[in-house]
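Asker: Pasting a structure below so you can have a look.
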Amino acid sequence: MAPPERKLTTKICGEVILRNKLLGIDEYKFLLKAVVGSGMGEETYAPSMVFESREETARISDALLEMDEFFLVSIQKLLDRTKIQAADIDVLVVNISMLATLPSLSSRIINYYKMRDDVKVYNLPGMGCSASLISINAVQSIFKSRKNVQALVITSESLTLNWYTGKDRSMILANCLFRTGGCAMILTNKPSLKNRALLKLKCLVRTHHGAREESYGCCLQREDDSGRVGFFLGKNLPKAATKAFVDNLKEICPKILPITELLRFAFLNLIRKALQKWSKSAAGQGYGRPMINFKKGVDHFCLHTGGKAVIDAVSQSLGLSEYDVEPARMTLHRFGNTSASSLWYVLGYMEAKKRLKKGDRILMISFGAGFKCNSCLWEVVRDLDGKNSVWKSMIDSFPKKDLTNPFLKKYGWIQGEDADTFNGLDDPRFALD
């Protein structure tokens, strides 16, 4: 977790936005709507260069500093807690999507922790927010051919060189969604470590729609017309995500749900289709589309915190309650969208709330550029107390009852302005406390 001085409060967010001289009243209104509707609070974290007013002049050294702050703290804490030496790691998998260096970031970790010469290394850039489960799948494949393996998986994101400083709405939106964060974990198939494990992987399904042009092009790292680098989010993103989500569910449902639930759903679907064929008005007479009851095979739902709209859409599709999506909503509010690592913050919330009991089953769902939807099912192998969770020092103050973003209170007056009368940055209401 980043230090407190790296929190993006309303005051600092306002300063960052006002530093961009390319923005006008229309962009301010767009950003106000985006920030207020993001579902995030005032305690998310950003890279150090943002607090140094250097968004326009960020360097590769700044990006490496962002990574080192995570590598040198989180990995060491993990090794200390598990009492596993860096020299005992057999496999290293690193997924940082938007930073590819030479030597690789995985080499940087090996150098710092002095890992063995024969450690097997997998560096996975460009995988997006779904990269965690891709990394786990890579380790899963290795476990099928090698015994007694200890794998270290590192998942994070680099925002420093991709903080957008232009005015393209489809790219500046990413600044309102993505935040700094990361996770380090150890996976193993060593029988001797069975009693120390927290979770057991039951199945994993990956869906990739990269062959479809509309899916491939909805999330891109690119330059705008002025040559400013950023992350493009297209208007067809929700449609691409829905298609990938549906295809992924079709494959994972038979793996995680009891046959009785699958037969019930199939039977009701057949009846509905028969009634529709018999009478076009039947569908409007109270016989709607049947839904699968995922709670027949799943106890907890670990959802990607891609934004409030993403959580709402997945919740509605799966028929989840507010209790089910509370971990995702609170993670989004407290930490924001930390890309591929966000799933583990959601899991940490469940752990800190002492929800996870032996035998419980957890469904993880993630989305990422490509476009990809990946999911997996975990089984809790022992009661978890959350004493090592990132949430442990703050969990008693969650869930928050009021998730209203204070940005609206401070800058809501912008909604009533128009281009002809707007005074720009000279308006005294822009004065920052």
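Following the order of the structure tokens, first chain is A, next is B, and so on, with residues numbered from 1 inside each chain and ligands from 1 in the order they appear.
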Do you have, as a Markdown table, the list of residues of range 116-163 of chain A lying at most 12 Å from range 69-74 of chain A, each with its nearest atom pair and that distance in Å to one decimal, counting only C-alpha atoms and ordered by chain then number?
Answerer:
```
| residue | atom | partner | partner_atom | distance |
| --- | --- | --- | --- | --- |
| A:Leu152 | CA | A:Ser74 | CA | 11.9 |
| A:Val153 | CA | A:Phe71 | CA | 11.4 |
| A:Ile154 | CA | A:Phe71 | CA | 8.4 |
| A:Thr155 | CA | A:Phe70 | CA | 10.0 |
| A:Ser156 | CA | A:Phe70 | CA | 8.4 |
| A:Glu157 | CA | A:Phe70 | CA | 10.1 |
| A:Ser158 | CA | A:Phe70 | CA | 10.6 |
```
Asker: Take the residues from that selection and put them in a file with all heavy atoms, as a compact mmCIF listing (two decimals), in the first residue's frame.
Answerer:
```txt
# COMPACT_ATOMS: atom_id res chain seq x y z
N LEU A 152 6.25 -17.61 -7.71
CA LEU A 152 5.96 -16.26 -7.23
C LEU A 152 5.29 -15.49 -8.36
O LEU A 152 5.86 -15.36 -9.45
CB LEU A 152 7.25 -15.56 -6.80
CG LEU A 152 7.14 -14.07 -6.41
CD1 LEU A 152 6.21 -13.88 -5.22
CD2 LEU A 152 8.53 -13.50 -6.12
N VAL A 153 4.07 -15.00 -8.12
CA VAL A 153 3.32 -14.25 -9.13
C VAL A 153 3.21 -12.81 -8.68
O VAL A 153 2.77 -12.52 -7.56
CB VAL A 153 1.92 -14.85 -9.34
CG1 VAL A 153 1.11 -13.98 -10.30
CG2 VAL A 153 2.03 -16.27 -9.90
N ILE A 154 3.62 -11.89 -9.55
CA ILE A 154 3.58 -10.46 -9.28
C ILE A 154 2.62 -9.81 -10.25
O ILE A 154 2.77 -9.95 -11.47
CB ILE A 154 4.97 -9.82 -9.44
CG1 ILE A 154 6.02 -10.58 -8.63
CG2 ILE A 154 4.93 -8.35 -9.07
CD1 ILE A 154 5.76 -10.58 -7.16
N THR A 155 1.64 -9.08 -9.72
CA THR A 155 0.67 -8.41 -10.59
C THR A 155 0.50 -6.96 -10.15
O THR A 155 0.24 -6.67 -8.99
CB THR A 155 -0.68 -9.15 -10.59
OG1 THR A 155 -1.62 -8.45 -11.39
CG2 THR A 155 -1.23 -9.28 -9.17
N SER A 156 0.69 -6.05 -11.09
CA SER A 156 0.57 -4.63 -10.80
C SER A 156 0.35 -3.89 -12.12
O SER A 156 0.09 -4.51 -13.15
CB SER A 156 1.82 -4.11 -10.07
OG SER A 156 1.65 -2.77 -9.67
N GLU A 157 0.43 -2.57 -12.07
CA GLU A 157 0.30 -1.77 -13.27
C GLU A 157 1.16 -0.53 -13.16
O GLU A 157 1.43 -0.05 -12.04
CB GLU A 157 -1.17 -1.37 -13.50
CG GLU A 157 -1.45 -0.73 -14.84
CD GLU A 157 -0.97 -1.60 -15.99
OE1 GLU A 157 0.23 -1.47 -16.36
OE2 GLU A 157 -1.76 -2.39 -16.52
N SER A 158 1.61 -0.01 -14.30
CA SER A 158 2.43 1.20 -14.33
C SER A 158 1.62 2.33 -14.95
O SER A 158 1.25 2.26 -16.13
CB SER A 158 3.71 0.97 -15.14
OG SER A 158 4.44 2.17 -15.26
```
Asker: Report as a PyMOL selection string all protein, DNA and RNA residues lying within 7 Å of range 352-354 of chain A, evaluated on only C-alpha atoms, omitting residues in the same chain fewer than 6 positions from it.
Answerer: chain A and resi 384-387+389+391-392+395
Asker: Could you save those same residues with C-alpha atoms as a PDB file, in the first residue's frame?
Answerer:
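again-v7.pdb written:
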```pdb
ATOM      1  CA  LEU A 384      -9.258 -17.154   7.107  1.00  0.00           C
ATOM      2  CA  ASP A 385      -8.919 -14.473   9.772  1.00  0.00           C
ATOM      3  CA  GLY A 386      -7.654 -11.605   7.588  1.00  0.00           C
ATOM      4  CA  LYS A 387      -4.792 -10.701   9.924  1.00  0.00           C
ATOM      5  CA  SER A 389      -4.962  -8.408   4.741  1.00  0.00           C
ATOM      6  CA  TRP A 391      -7.607  -3.998   4.892  1.00  0.00           C
ATOM      7  CA  LYS A 392      -6.802  -5.045   8.468  1.00  0.00           C
ATOM      8  CA  ILE A 395     -11.865  -2.824   7.911  1.00  0.00           C
TER       9      ILE A 395
END
```
Asker: Take CA of Thr82 in chain A and CA of Ile136 in chain A and report the distance between them in Å, one decimal.
Answerer: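 So the answer is 18.8 Å.
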Asker: As a PyMOL selection string, list the residues of range 206-367 of chain A assigned to strand (DSSP E) by DSSP on the backbone atoms of this structure.
Answerer: chain A and resi 206-208+219-223+229-233+300-303+361-367
Asker: Using only C-alpha atoms, which residues sit within 6 Å of range 336-346 of chain A once same-chain residues fewer than 6 positions away are excluded, as a list in words?
Answerer: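 So, after excluding close chain neighbours, the residues are Met40, Thr44, Cys129, Ser130, Ala131, Ser132, Thr155, Ser156, Leu177, Phe178, Arg179, Thr180, Gly181, Gly182, Cys183, His304, Thr305, Gly306, Pro327 and Ala328 of chain A.
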Asker: For Lys296 in chain A, work out the shell of residues within 9 Å, counting only C-alpha atoms and skipping chain neighbours fewer than 2 positions away, then give it as a VMD selection string.
Answerer: chain A and resid 257 to 258 261 292 to 294 298 to 299
Asker: Run DSSP on the backbone and tell me which residues of range 258-319 of chain A come out as alpha helix (DSSP H); list them as a ChimeraX atom specification.
Answerer: /A:259-278,308-318
Asker: So, with only C-alpha atoms as the atoms that count, which of A:Tyr122, A:Phe367, A:Tyr216, A:Tyr28 lies closest to Asn95 in chain A?
Answerer: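 Using only C-alpha atoms, the shortest distance to Asn95 in chain A belongs to A:Tyr122.
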Asker: Kindly give the distance, in Å, that separates CA of Ile172 in chain A and CA of Ala34 in chain A, rounded to a single decimal.
Answerer: 9.8 Å
Asker: Figure out the distance between CA of Gly166 in chain A and CA of Arg329 in chain A, please, to one decimal in Å.
Answerer: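 Taking CA of Arg329 in chain A as the start and CA of Gly166 in chain A as the end point, the length is 29.2 Å.
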Asker: Using only C-alpha atoms, I'd like a table of the residues in range 127-181 of chain A that come within 10 Å of range 234-249 of chain A; for each, show the closest atom pair and its distance in Å rounded to one decimal, ordered by chain and ascending number, as JSON lines.
Answerer:
```
{"residue": "A:Arg169", "atom": "CA", "partner": "A:Gly234", "partner_atom": "CA", "distance": 9.9}
{"residue": "A:Ser170", "atom": "CA", "partner": "A:Gly234", "partner_atom": "CA", "distance": 6.3}
{"residue": "A:Met171", "atom": "CA", "partner": "A:Gly234", "partner_atom": "CA", "distance": 8.8}
```
Asker: Extract, using only C-alpha atoms, all DNA, RNA and protein residues at most 10 Å from Leu187 in chain A, discarding same-chain residues fewer than 3 positions from it, and format them as a list in words.
Answerer: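 After dropping sequence-adjacent residues, the list is Val91, Ile136, Val139, Gln140, Phe143, Val149, Gln150, Ala151, Leu152, Val153, Lys190, Ala197, Leu199, Lys200 and Leu201 of chain A.
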Asker: Between A:Leu124, A:Leu377, A:Leu347, A:Ile89, which residue has the minimum interatomic distance to Cys203 in chain A, considering only C-alpha atoms?
Answerer: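 Selected residue with least distance to Cys203 in chain A: A:Leu377.
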Asker: From the options A:Asn423, A:Val16, A:Gly37, A:Asp90, which residue's atoms come nearest to Lys147 in chain A, counting only C-alpha atoms?
Answerer: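 Result for the nearest residue to Lys147 in chain A: A:Asp90.
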Asker: Write out as a PyMOL selection string each polymer residue whose atoms come within 10 Å of Arg6 in chain A, counting only C-alpha atoms; drop sequence neighbours fewer than 2 positions from it.
Answerer: chain A and resi 1-4+8-9+12+43-51+180
Asker: Deliver the residues from the most recent selection as a file, using N, CA, C and O atoms, as an mmCIF file, in the first residue's frame.
Answerer:
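What landed in again_20.cif:
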```
data_model
loop_
_atom_site.group_PDB
_atom_site.id
_atom_site.type_symbol
_atom_site.label_atom_id
_atom_site.label_comp_id
_atom_site.auth_asym_id
_atom_site.auth_seq_id
_atom_site.Cartn_x
_atom_site.Cartn_y
_atom_site.Cartn_z
ATOM 1 N N MET A 1 0.847 -1.183 0.000
ATOM 2 C CA MET A 1 0.000 0.000 0.000
ATOM 3 C C MET A 1 0.885 1.235 0.000
ATOM 4 O O MET A 1 1.834 1.331 0.763
ATOM 5 N N ALA A 2 0.554 2.198 -0.848
ATOM 6 C CA ALA A 2 1.347 3.420 -0.965
ATOM 7 C C ALA A 2 1.220 4.263 0.301
ATOM 8 O O ALA A 2 0.264 4.120 1.065
ATOM 9 N N PRO A 3 2.170 5.173 0.537
ATOM 10 C CA PRO A 3 2.101 6.024 1.733
ATOM 11 C C PRO A 3 0.927 6.992 1.666
ATOM 12 O O PRO A 3 0.442 7.321 0.576
ATOM 13 N N PRO A 4 0.437 7.483 2.812
ATOM 14 C CA PRO A 4 -0.734 8.374 2.856
ATOM 15 C C PRO A 4 -0.597 9.630 2.001
ATOM 16 O O PRO A 4 -1.595 10.141 1.481
ATOM 17 N N LEU A 8 -5.113 10.544 -3.623
ATOM 18 C CA LEU A 8 -5.694 11.531 -4.524
ATOM 19 C C LEU A 8 -6.973 12.095 -3.899
ATOM 20 O O LEU A 8 -8.076 11.618 -4.164
ATOM 21 N N THR A 9 -6.829 13.115 -3.106
ATOM 22 C CA THR A 9 -7.978 13.774 -2.505
ATOM 23 C C THR A 9 -8.677 14.655 -3.541
ATOM 24 O O THR A 9 -8.168 14.866 -4.643
ATOM 25 N N ILE A 12 -6.375 17.544 -4.530
ATOM 26 C CA ILE A 12 -5.288 17.202 -5.451
ATOM 27 C C ILE A 12 -5.844 16.877 -6.839
ATOM 28 O O ILE A 12 -5.261 17.265 -7.856
ATOM 29 N N GLU A 43 -9.299 8.248 -1.180
ATOM 30 C CA GLU A 43 -8.139 7.581 -0.605
ATOM 31 C C GLU A 43 -7.428 6.652 -1.577
ATOM 32 O O GLU A 43 -6.635 5.813 -1.169
ATOM 33 N N THR A 44 -7.702 6.804 -2.866
ATOM 34 C CA THR A 44 -6.979 6.015 -3.864
ATOM 35 C C THR A 44 -5.593 6.632 -4.067
ATOM 36 O O THR A 44 -5.335 7.774 -3.677
ATOM 37 N N TYR A 45 -4.692 5.869 -4.694
ATOM 38 C CA TYR A 45 -3.296 6.298 -4.811
ATOM 39 C C TYR A 45 -2.881 6.532 -6.267
ATOM 40 O O TYR A 45 -3.392 5.889 -7.181
ATOM 41 N N ALA A 46 -1.942 7.440 -6.441
ATOM 42 C CA ALA A 46 -1.404 7.750 -7.768
ATOM 43 C C ALA A 46 0.121 7.765 -7.697
ATOM 44 O O ALA A 46 0.707 7.835 -6.612
ATOM 45 N N PRO A 47 0.804 7.703 -8.865
ATOM 46 C CA PRO A 47 2.275 7.729 -8.872
ATOM 47 C C PRO A 47 2.828 9.047 -8.333
ATOM 48 O O PRO A 47 2.151 10.079 -8.369
ATOM 49 N N SER A 48 4.059 9.017 -7.864
ATOM 50 C CA SER A 48 4.665 10.186 -7.226
ATOM 51 C C SER A 48 4.780 11.380 -8.165
ATOM 52 O O SER A 48 4.671 12.530 -7.730
ATOM 53 N N MET A 49 4.982 11.137 -9.466
ATOM 54 C CA MET A 49 5.177 12.270 -10.389
ATOM 55 C C MET A 49 3.926 13.144 -10.470
ATOM 56 O O MET A 49 4.015 14.339 -10.792
ATOM 57 N N VAL A 50 2.740 12.591 -10.177
ATOM 58 C CA VAL A 50 1.511 13.389 -10.180
ATOM 59 C C VAL A 50 1.570 14.425 -9.069
ATOM 60 O O VAL A 50 1.147 15.579 -9.249
ATOM 61 N N PHE A 51 2.114 14.059 -7.918
ATOM 62 C CA PHE A 51 2.185 14.967 -6.768
ATOM 63 C C PHE A 51 3.343 15.954 -6.904
ATOM 64 O O PHE A 51 3.425 16.910 -6.136
ATOM 65 N N THR A 180 -2.887 3.368 -8.571
ATOM 66 C CA THR A 180 -1.706 2.579 -8.218
ATOM 67 C C THR A 180 -2.058 1.467 -7.233
ATOM 68 O O THR A 180 -2.823 1.671 -6.294
#
```
